[in-house]
file target00.cif (mmCIF, C-alpha atoms)
data_upload
#
loop_
_atom_site.label_atom_id
_atom_site.label_comp_id
_atom_site.auth_asym_id
_atom_site.auth_seq_id
_atom_site.Cartn_x
_atom_site.Cartn_y
_atom_site.Cartn_z
CA TRP A 79 105.93 55.43 101.44
CA THR A 80 103.59 54.92 98.53
CA LYS A 81 102.48 52.32 96.08
CA MET A 82 101.83 53.97 92.75
CA THR A 83 101.21 53.80 89.07
CA MET A 84 103.33 56.32 87.16
CA SER A 85 102.44 57.35 83.63
CA SER A 86 104.83 60.31 83.44
CA SER A 87 102.01 62.71 82.56
CA LEU A 88 103.67 65.62 84.37
CA GLU A 89 105.19 68.24 82.05
CA SER A 90 108.27 70.12 83.20
CA LEU A 91 108.11 72.07 79.95
CA ARG A 92 105.69 72.58 77.10
CA TYR A 93 107.19 73.02 73.65
CA THR A 94 105.09 73.44 70.52
CA LYS A 95 106.35 73.78 66.95
CA THR A 96 103.26 75.24 65.31
CA PRO A 97 101.98 77.73 64.39
CA SER A 98 105.21 79.21 65.78
CA PRO A 99 107.72 77.61 68.17
CA LYS A 100 106.79 78.34 71.79
CA LEU A 101 108.31 77.26 75.11
CA GLU A 102 106.78 77.32 78.58
CA VAL A 103 108.30 75.88 81.76
CA LEU A 104 106.70 74.81 85.01
CA ASP A 105 107.63 77.12 87.90
CA GLN A 106 108.96 74.54 90.35
CA LEU A 107 109.29 77.03 93.20
CA LEU A 108 105.48 77.17 93.42
CA ILE A 109 104.98 73.42 93.69
CA PRO A 110 102.98 71.88 95.35
CA HIS A 111 100.76 74.88 96.09
CA SER A 112 100.15 75.81 92.46
CA LYS A 113 101.10 74.66 88.98
CA GLU A 114 101.94 77.64 86.78
CA TYR A 115 103.87 77.84 83.52
CA ILE A 116 106.28 80.63 82.54
CA ASP A 117 106.66 81.78 78.94
CA ILE A 118 110.25 81.68 77.59
CA PRO A 119 110.43 84.02 74.57
CA ASN A 120 114.17 84.79 74.72
CA VAL A 121 117.50 83.90 76.34
CA GLU A 122 116.94 86.42 79.13
CA ALA A 123 113.84 84.55 80.27
CA ALA A 124 115.66 81.21 79.97
CA TRP A 125 118.60 82.59 81.98
CA SER A 126 116.25 83.90 84.66
CA VAL A 127 114.32 80.67 85.32
CA ILE A 128 117.59 78.73 85.49
CA ARG A 129 119.28 81.24 87.77
CA LYS A 130 116.30 81.53 90.14
CA MET A 131 115.91 77.74 90.24
CA GLN A 132 112.37 77.99 88.94
CA ILE A 133 113.55 75.00 86.95
CA ARG A 134 116.23 72.57 88.10
CA GLY A 135 117.70 69.25 87.13
CA ALA A 136 120.73 69.08 84.87
CA PRO A 137 118.98 67.68 81.77
CA LEU A 138 116.13 70.19 81.97
CA ILE A 139 118.46 73.16 82.45
CA ALA A 140 120.35 72.25 79.28
CA LEU A 141 117.17 71.84 77.27
CA VAL A 142 115.59 75.10 78.42
CA ALA A 143 118.78 76.99 77.57
CA CYS A 144 119.01 75.56 74.05
CA LEU A 145 115.30 75.80 73.28
CA GLY A 146 115.24 79.32 74.69
CA LEU A 147 118.11 80.26 72.38
CA ALA A 148 116.37 78.67 69.41
CA ILE A 149 113.13 80.55 70.03
CA ASP A 150 114.95 83.81 70.67
CA ILE A 151 116.84 83.87 67.35
CA ASN A 152 114.02 82.38 65.29
CA CYS A 153 110.88 83.97 66.73
CA ASN A 154 111.68 86.98 68.91
CA GLU A 155 111.06 90.09 66.82
CA LYS A 156 113.60 92.23 68.69
CA THR A 157 116.33 89.65 68.21
CA LYS A 158 115.42 89.06 64.56
CA SER A 159 115.68 92.79 63.88
CA GLU A 160 119.10 92.89 65.54
CA MET A 161 120.27 90.03 63.33
CA ALA A 162 118.84 91.46 60.12
CA GLY A 163 121.59 92.37 57.71
CA LEU A 164 124.36 90.53 59.59
CA ASP A 165 126.74 88.52 57.46
CA GLY A 166 127.53 84.92 58.38
CA ALA A 167 130.49 85.65 60.63
CA ALA A 168 128.67 88.41 62.51
CA ALA A 169 125.56 86.27 62.94
CA LYS A 170 127.60 83.42 64.36
CA GLU A 171 129.33 85.78 66.79
CA PHE A 172 125.94 87.22 67.78
CA ILE A 173 124.58 83.75 68.61
CA GLN A 174 127.78 82.78 70.44
CA LYS A 175 127.43 85.79 72.75
CA LYS A 176 123.95 84.64 73.67
CA MET A 177 125.31 81.18 74.39
CA ASP A 178 128.06 82.65 76.57
CA TYR A 179 125.39 84.56 78.48
CA LEU A 180 123.32 81.41 79.01
CA ALA A 181 126.40 79.63 80.37
CA THR A 182 126.52 82.10 83.28
CA SER A 183 123.05 81.09 84.48
CA ARG A 184 124.30 78.02 86.37
CA PRO A 185 128.12 77.78 86.44
CA THR A 186 128.05 74.27 87.97
CA ALA A 187 125.66 72.69 85.42
CA VAL A 188 127.77 70.28 83.36
CA ASN A 189 124.87 69.34 81.09
CA LEU A 190 124.37 73.01 80.25
CA PHE A 191 127.96 73.44 79.08
CA ASN A 192 127.89 70.17 77.16
CA ALA A 193 124.67 71.16 75.39
CA LEU A 194 125.98 74.59 74.45
CA GLU A 195 129.16 72.99 73.11
CA GLU A 196 126.99 70.70 70.97
CA VAL A 197 125.22 73.72 69.52
CA LYS A 198 128.56 75.41 68.86
CA GLN A 199 129.74 72.36 66.92
CA ILE A 200 126.52 72.38 64.90
CA LEU A 201 127.12 76.03 64.02
CA ASP A 202 130.69 75.24 62.97
CA LYS A 203 129.34 72.69 60.48
CA SER A 204 126.51 74.87 59.20
CA ASP A 205 126.44 77.05 56.13
CA ALA A 206 127.70 80.54 56.98
CA SER A 207 124.47 82.53 56.87
CA THR A 208 122.02 83.92 59.41
CA THR A 209 119.19 81.78 58.05
CA ALA A 210 121.25 78.60 58.13
CA TYR A 211 122.50 79.25 61.65
CA CYS A 212 119.02 79.94 63.02
CA LYS A 213 117.61 76.83 61.37
CA ALA A 214 120.50 74.69 62.62
CA VAL A 215 120.01 75.82 66.22
CA ILE A 216 116.30 75.13 66.35
CA ASN A 217 116.64 71.78 64.58
CA HIS A 218 119.28 70.62 67.02
CA ALA A 219 117.42 71.92 70.07
CA GLU A 220 114.34 69.95 69.00
CA PHE A 221 116.52 66.89 68.45
CA MET A 222 117.95 67.26 71.95
CA LEU A 223 114.42 67.38 73.37
CA GLU A 224 113.47 64.12 71.68
CA ARG A 225 116.78 62.52 72.59
CA ASP A 226 116.38 63.30 76.28
CA ILE A 227 113.08 61.44 76.53
CA SER A 228 114.50 58.50 74.57
CA ASP A 229 117.61 58.39 76.76
CA ASN A 230 115.50 58.52 79.92
CA LYS A 231 113.38 55.57 78.82
CA SER A 232 116.54 53.61 78.04
CA ILE A 233 117.90 54.43 81.51
CA GLY A 234 114.63 53.31 83.03
CA ASN A 235 114.51 50.00 81.20
CA ASN A 236 118.18 49.19 81.75
CA GLY A 237 117.93 50.16 85.41
CA ALA A 238 114.84 48.01 85.91
CA ASP A 239 116.58 45.06 84.23
CA ALA A 240 119.61 45.47 86.49
CA ILE A 241 117.61 45.74 89.72
CA LEU A 242 115.43 42.72 89.01
CA LYS A 243 118.45 40.67 87.96
CA LYS A 244 120.47 41.71 91.02
CA THR A 245 117.70 41.07 93.53
CA GLY A 246 116.24 38.01 91.88
CA LYS A 247 112.80 39.22 92.98
CA GLU A 248 109.56 39.72 91.09
CA THR A 249 108.74 42.96 92.96
CA VAL A 250 110.99 45.46 94.73
CA ARG A 251 110.76 48.43 97.08
CA LEU A 252 112.79 51.49 96.08
CA VAL A 253 114.30 54.48 97.84
CA THR A 254 114.86 57.61 95.75
CA ILE A 255 116.75 60.74 96.76
CA CYS A 256 116.23 64.31 95.53
CA ASN A 257 114.15 64.67 92.37
CA THR A 258 115.17 62.73 89.30
CA GLY A 259 111.86 62.46 87.50
CA SER A 260 109.87 64.36 84.91
CA LEU A 261 110.54 67.64 86.70
CA ALA A 262 114.30 67.26 86.22
CA THR A 263 114.14 66.24 82.57
CA ALA A 264 112.06 66.59 79.41
CA GLY A 265 109.97 63.68 80.66
CA TYR A 266 109.97 60.23 82.28
CA GLY A 267 113.03 60.90 84.42
CA THR A 268 116.38 59.26 85.08
CA ALA A 269 116.49 57.45 88.44
CA LEU A 270 112.75 57.92 88.93
CA GLY A 271 112.40 56.64 85.38
CA VAL A 272 113.68 53.31 86.69
CA ALA A 273 110.72 53.29 89.10
CA ARG A 274 108.40 54.02 86.19
CA ALA A 275 109.86 51.16 84.17
CA LEU A 276 109.46 48.79 87.11
CA GLN A 277 105.86 49.87 87.60
CA GLU A 278 105.12 49.29 83.93
CA ARG A 279 106.21 45.70 84.53
CA SER A 280 104.11 45.44 87.73
CA ALA A 281 107.40 44.99 89.59
CA LEU A 282 107.34 48.06 91.87
CA ALA A 283 105.91 47.34 95.30
CA SER A 284 106.60 50.78 96.83
CA ILE A 285 108.87 53.81 96.76
CA HIS A 286 110.25 56.06 99.51
CA ALA A 287 111.15 59.67 98.59
CA LEU A 288 114.00 61.03 100.74
CA GLU A 289 114.80 64.68 101.36
CA THR A 290 117.40 67.02 99.83
CA ARG A 291 118.18 70.74 99.80
CA PRO A 292 118.03 73.62 99.02
CA TYR A 293 114.36 73.48 98.03
CA ASN A 294 113.20 70.20 99.59
CA GLN A 295 113.34 68.43 96.25
CA GLY A 296 112.50 65.06 97.81
CA SER A 297 109.42 65.77 99.88
CA ARG A 298 108.16 68.64 97.75
CA LEU A 299 108.97 67.74 94.13
CA THR A 300 109.22 63.96 94.06
CA ALA A 301 106.16 63.59 96.28
CA PHE A 302 104.36 66.02 94.00
CA GLU A 303 105.26 63.90 90.97
CA ILE A 304 103.93 60.78 92.66
CA LEU A 305 100.66 62.44 93.59
CA GLU A 306 100.34 64.10 90.20
CA GLU A 307 100.22 60.66 88.63
CA LYS A 308 96.65 60.40 90.02
CA ASN A 309 96.85 56.76 91.10
CA ALA A 310 99.09 57.05 94.13
CA GLN A 311 97.90 55.51 97.39
CA TRP A 312 99.61 56.62 100.61
CA TYR A 313 100.08 54.23 103.52
#
call {"tool": "encode", "arguments": {"input": "target00.cif", "output": "C-alpha cells"}}
result
Amino acid sequence: WTKMTMSSSLESLRYTKTPSPKLEVLDQLLIPHSKEYIDIPNVEAAWSVIRKMQIRGAPLIALVACLGLAIDINCNEKTKSEMAGLDGAAAKEFIQKKMDYLATSRPTAVNLFNALEEVKQILDKSDASTTAYCKAVINHAEFMLERDISDNKSIGNNGADAILKKTGKETVRLVTICNTGSLATAGYGTALGVARALQERSALASIHALETRPYNQGSRLTAFEILEEKNAQWY
C-alpha cells in the first residue's frame, strides 16, 4: 500500500484549441514501461485506440470519440473535401454515419452511446448547414471535456464528504479496484478522485490498489498513476 499526495498531473489525453484543434491520447497498453501519445486526426484513429484498448475507461472513451469526430470534420483535409458542397441534410447524414461507425468501437460502452446521442441532439437543434453542424460538434465536444473534469471533482468532493461522515474519522485508508483515475477520464478521476479529494484535505492515510483484468488495470495503471504523482512513498 502507499501513502501519497495526488495532484492529478497525469494526462490521459492532450487537447489543444490553437492554432488548430489537436487531440493526442496516452497509449495505455505501453504503461508503465513507456509513456507515448498517439495523434487522433480522424474518426478512424479514434475508433482504433478505443477498439484496441489503447485507451479505456467509460468517460474517456466517450470523450475521445466525440473529440475525434470534431477534429475529423473540422480539421481533417480529406474529410473537409468530402463535405465540401454538401447541403445541410447531406452533411448531417455524413456526420451521422461517422457517429454510427464510432459506436461500433466498443459495443458495451454506455457512456459512448450516451455521448453520441448528445451530439445527435445538438445536430438536431443546429442550423441546417455544413458550417453550423461542424461548429456545433466541436463546441459540444469541448464542453463535454470541461464537464467531465468538473463532474469528477464533484464526485471526489461528495465522496470524500460521505466517507468522512460515515466513518467519523479524521483520516481513512482506502481500497480501490481497477482504474478509476485520470487514465479513465479527462482528469482527476471518479472513484480515485475521491482519494484525491481526501488527500487534499490531509485525510487520506493510505490506499491499496487491487487487481482487475484484462490488462491488469489495478497493479499496472492505478499503481502507475500513484507513482506518476511524484510524491508517493511505498511501504
call {"tool": "resolve_selection", "arguments": {"input": "target00.cif", "expression": "the PyMOL selection byres ((chain A and resi 108) around 12)", "output": "list in words"}}
result
Leu104, Asp105, Gln106, Leu107, Ile109, Pro110, His111, Ser112, Lys113, Glu114, Tyr115, Ile116, Met131, Gln132, Ile133, Tyr293, Arg298, Leu299 and Phe302 of chain A
call {"tool": "residues_around", "arguments": {"input": "target00.cif", "residues": "A:Arg279", "least_positions_apart": "4", "cutoff": "12 Å", "atoms": "all atoms listed in the file", "output": "number ranges by chain"}}
result
A: 83-84, 234-235, 238-239, 242, 248-250, 272-275, 283
call {"tool": "residues_around", "arguments": {"input": "target00.cif", "residues": "A:Leu261", "least_positions_apart": "3", "cutoff": "8 Å", "atoms": "all atoms listed in the file", "output": "PyMOL selection string"}}
result
chain A and resi 88-90+106+133-135+138+257-258+264-265+267+299+303
call {"tool": "residues_around", "arguments": {"input": "target00.cif", "residues": "stretch 189-206 of chain A", "least_positions_apart": "3", "cutoff": "10 Å", "atoms": "all atoms listed in the file", "output": "PyMOL selection string"}}
result
chain A and resi 135-144+147+165-170+173-174+177-178+180-186+209-219+222
call {"tool": "closest_residue", "arguments": {"input": "target00.cif", "among": "A:Leu101, A:Ala281, A:Ala262, A:Ala269", "to": "A:Ile233", "atoms": "only C-alpha atoms"}}
result
A:Ala269
call {"tool": "resolve_selection", "arguments": {"input": "target00.cif", "expression": "the PyMOL selection byres ((chain A and resi 266) around 7)", "output": "list of chain:residue names"}}
result
A:Ser86, A:Ile227, A:Asn230, A:Lys231, A:Gly259, A:Ser260, A:Gly265, A:Gly267, A:Gly271
call {"tool": "write_last_selection", "arguments": {"input": "target00.cif", "atoms": "C-alpha atoms", "output": "PDB file, in the coordinates of the input"}}
result
ATOM      1  CA  SER A  86     104.830  60.310  83.440  1.00  0.00           C
ATOM      2  CA  ILE A 227     113.080  61.440  76.530  1.00  0.00           C
ATOM      3  CA  ASN A 230     115.500  58.520  79.920  1.00  0.00           C
ATOM      4  CA  LYS A 231     113.380  55.570  78.820  1.00  0.00           C
ATOM      5  CA  GLY A 259     111.860  62.460  87.500  1.00  0.00           C
ATOM      6  CA  SER A 260     109.870  64.360  84.910  1.00  0.00           C
ATOM      7  CA  GLY A 265     109.970  63.680  80.660  1.00  0.00           C
ATOM      8  CA  GLY A 267     113.030  60.900  84.420  1.00  0.00           C
ATOM      9  CA  GLY A 271     112.400  56.640  85.380  1.00  0.00           C
TER      10      GLY A 271
END
call {"tool": "atom_distance", "arguments": {"input": "target00.cif", "atom1": "atom CA of A:Ala287", "atom2": "atom CA of A:Ser126"}}
result
28.4 Å
call {"tool": "residues_around", "arguments": {"input": "target00.cif", "residues": "A:Gly146", "least_positions_apart": "3", "cutoff": "7 Å", "atoms": "only C-alpha atoms", "output": "list of chain:residue names"}}
result
A:Ile118, A:Pro119, A:Asn120, A:Val121, A:Ala124, A:Val142, A:Ala143, A:Ile149, A:Asp150
call {"tool": "atom_distance", "arguments": {"input": "target00.cif", "atom1": "atom CA of A:Ile285", "atom2": "atom CA of A:Lys243"}}
result
18.5 Å
call {"tool": "closest_residue", "arguments": {"input": "target00.cif", "among": "A:Leu164, A:Pro292, A:Leu276, A:Glu171", "to": "A:Asn236", "atoms": "all atoms listed in the file"}}
result
A:Leu276
call {"tool": "closest_residue", "arguments": {"input": "target00.cif", "among": "A:Leu145, A:Thr157, A:Ile151, A:Lys130", "to": "A:Glu220", "atoms": "only C-alpha atoms"}}
result
A:Leu145
call {"tool": "closest_residue", "arguments": {"input": "target00.cif", "among": "A:Trp125, A:Leu305, A:Lys244, A:Ser297", "to": "A:Tyr179", "atoms": "all atoms listed in the file"}}
result
A:Trp125
call {"tool": "atom_distance", "arguments": {"input": "target00.cif", "atom1": "atom CA of A:Ile255", "atom2": "atom CA of A:Tyr93"}}
result
27.9 Å
call {"tool": "closest_residue", "arguments": {"input": "target00.cif", "among": "A:Val103, A:Gln277, A:Cys256, A:Glu160", "to": "A:Arg291", "atoms": "only C-alpha atoms"}}
result
A:Cys256
call {"tool": "closest_residue", "arguments": {"input": "target00.cif", "among": "A:Val127, A:Glu122, A:Thr263, A:Asn152", "to": "A:Lys100", "atoms": "all atoms listed in the file"}}
result
A:Asn152
call {"tool": "decode", "arguments": {"input": "target00.cif", "residues": "stretch 114-129 of chain A", "atoms": "all heavy atoms", "output": "CSV table (one decimal), in the first residue's frame"}}
result
chain,number,residue,atom,x,y,z
A,114,GLU,N,3.8,7.2,-24.1
A,114,GLU,CA,3.7,7.7,-25.5
A,114,GLU,C,2.3,8.1,-25.9
A,114,GLU,O,1.3,7.4,-25.5
A,114,GLU,CB,4.2,6.6,-26.5
A,114,GLU,CG,5.7,6.2,-26.2
A,114,GLU,CD,6.1,5.1,-27.2
A,114,GLU,OE1,5.5,5.0,-28.3
A,114,GLU,OE2,7.1,4.4,-26.9
A,115,TYR,N,2.2,9.2,-26.6
A,115,TYR,CA,0.9,9.7,-27.0
A,115,TYR,C,0.7,9.5,-28.5
A,115,TYR,O,1.6,9.5,-29.4
A,115,TYR,CB,0.9,11.2,-26.7
A,115,TYR,CG,0.6,11.5,-25.3
A,115,TYR,CD1,1.7,11.6,-24.4
A,115,TYR,CD2,-0.6,11.7,-24.8
A,115,TYR,CE1,1.5,11.8,-23.0
A,115,TYR,CE2,-0.8,12.0,-23.4
A,115,TYR,CZ,0.3,12.0,-22.6
A,115,TYR,OH,0.1,12.2,-21.2
A,116,ILE,N,-0.6,9.2,-28.9
A,116,ILE,CA,-1.0,8.8,-30.2
A,116,ILE,C,-1.8,10.0,-30.8
A,116,ILE,O,-2.8,10.4,-30.1
A,116,ILE,CB,-1.8,7.6,-30.2
A,116,ILE,CG1,-1.0,6.4,-29.6
A,116,ILE,CG2,-2.3,7.2,-31.6
A,116,ILE,CD1,-1.9,5.2,-29.3
A,117,ASP,N,-1.5,10.4,-32.0
A,117,ASP,CA,-2.3,11.5,-32.6
A,117,ASP,C,-3.6,11.0,-33.1
A,117,ASP,O,-3.7,9.9,-33.6
A,117,ASP,CB,-1.5,12.1,-33.8
A,117,ASP,CG,-2.2,13.3,-34.4
A,117,ASP,OD1,-2.8,14.1,-33.7
A,117,ASP,OD2,-2.1,13.4,-35.7
A,118,ILE,N,-4.7,11.7,-32.9
A,118,ILE,CA,-6.0,11.3,-33.3
A,118,ILE,C,-6.5,12.4,-34.3
A,118,ILE,O,-7.2,13.4,-33.9
A,118,ILE,CB,-7.0,11.2,-32.1
A,118,ILE,CG1,-6.4,10.3,-31.1
A,118,ILE,CG2,-8.4,10.7,-32.6
A,118,ILE,CD1,-6.3,8.9,-31.5
A,119,PRO,N,-6.3,12.2,-35.6
A,119,PRO,CA,-6.7,13.2,-36.6
A,119,PRO,C,-8.0,13.0,-37.2
A,119,PRO,O,-8.5,13.8,-38.0
A,119,PRO,CB,-5.6,13.1,-37.7
A,119,PRO,CG,-5.2,11.6,-37.6
A,119,PRO,CD,-5.4,11.2,-36.2
A,120,ASN,N,-8.6,11.8,-37.0
A,120,ASN,CA,-9.9,11.4,-37.6
A,120,ASN,C,-10.6,10.4,-36.8
A,120,ASN,O,-10.1,9.8,-35.8
A,120,ASN,CB,-9.6,11.0,-39.0
A,120,ASN,CG,-8.6,9.9,-39.1
A,120,ASN,OD1,-8.5,9.0,-38.3
A,120,ASN,ND2,-7.7,10.0,-40.1
A,121,VAL,N,-11.8,10.0,-37.3
A,121,VAL,CA,-12.6,9.0,-36.5
A,121,VAL,C,-12.0,7.6,-36.6
A,121,VAL,O,-12.2,6.8,-35.7
A,121,VAL,CB,-14.1,9.0,-37.0
A,121,VAL,CG1,-14.8,10.3,-36.7
A,121,VAL,CG2,-14.2,8.7,-38.5
A,122,GLU,N,-11.3,7.3,-37.7
A,122,GLU,CA,-10.7,6.0,-37.8
A,122,GLU,C,-9.6,5.8,-36.7
A,122,GLU,O,-9.5,4.7,-36.1
A,122,GLU,CB,-10.0,5.9,-39.2
A,122,GLU,CG,-11.0,5.7,-40.3
A,122,GLU,CD,-11.6,7.0,-40.8
A,122,GLU,OE1,-11.1,8.1,-40.4
A,122,GLU,OE2,-12.7,7.0,-41.5
A,123,ALA,N,-8.8,6.9,-36.4
A,123,ALA,CA,-7.8,6.8,-35.4
A,123,ALA,C,-8.5,6.7,-34.0
A,123,ALA,O,-8.1,5.9,-33.1
A,123,ALA,CB,-6.9,8.0,-35.4
A,124,ALA,N,-9.6,7.4,-33.8
A,124,ALA,CA,-10.3,7.3,-32.5
A,124,ALA,C,-10.9,5.9,-32.4
A,124,ALA,O,-10.8,5.4,-31.3
A,124,ALA,CB,-11.4,8.4,-32.5
A,125,TRP,N,-11.5,5.4,-33.4
A,125,TRP,CA,-12.1,4.1,-33.4
A,125,TRP,C,-11.0,3.0,-33.0
A,125,TRP,O,-11.2,2.1,-32.2
A,125,TRP,CB,-12.7,3.7,-34.7
A,125,TRP,CG,-13.5,2.5,-34.8
A,125,TRP,CD1,-14.8,2.3,-34.7
A,125,TRP,CD2,-12.9,1.1,-35.0
A,125,TRP,NE1,-15.2,1.0,-34.8
A,125,TRP,CE2,-14.0,0.2,-35.0
A,125,TRP,CE3,-11.7,0.6,-35.3
A,125,TRP,CZ2,-13.9,-1.1,-35.2
A,125,TRP,CZ3,-11.5,-0.8,-35.4
A,125,TRP,CH2,-12.6,-1.6,-35.4
A,126,SER,N,-9.8,3.2,-33.6
A,126,SER,CA,-8.8,2.2,-33.4
A,126,SER,C,-8.3,2.2,-32.0
A,126,SER,O,-8.1,1.1,-31.4
A,126,SER,CB,-7.6,2.5,-34.4
A,126,SER,OG,-6.5,1.6,-34.2
A,127,VAL,N,-8.0,3.4,-31.4
A,127,VAL,CA,-7.5,3.3,-30.0
A,127,VAL,C,-8.5,2.8,-29.0
A,127,VAL,O,-8.2,2.3,-28.0
A,127,VAL,CB,-7.0,4.7,-29.6
A,127,VAL,CG1,-5.8,5.1,-30.4
A,127,VAL,CG2,-8.0,5.8,-29.6
A,128,ILE,N,-9.8,3.1,-29.3
A,128,ILE,CA,-10.9,2.5,-28.4
A,128,ILE,C,-10.9,1.0,-28.6
A,128,ILE,O,-11.0,0.3,-27.6
A,128,ILE,CB,-12.2,3.2,-28.8
A,128,ILE,CG1,-12.2,4.7,-28.5
A,128,ILE,CG2,-13.3,2.5,-28.0
A,128,ILE,CD1,-13.4,5.5,-29.0
A,129,ARG,N,-11.0,0.6,-29.8
A,129,ARG,CA,-11.1,-0.9,-30.1
A,129,ARG,C,-9.9,-1.7,-29.6
A,129,ARG,O,-10.1,-2.8,-29.0
A,129,ARG,CB,-11.2,-1.1,-31.6
A,129,ARG,CG,-11.5,-2.5,-32.0
A,129,ARG,CD,-13.0,-2.8,-31.7
A,129,ARG,NE,-13.4,-4.0,-32.4
A,129,ARG,CZ,-14.7,-4.4,-32.6
A,129,ARG,NH1,-15.6,-3.6,-32.0
A,129,ARG,NH2,-15.0,-5.5,-33.2
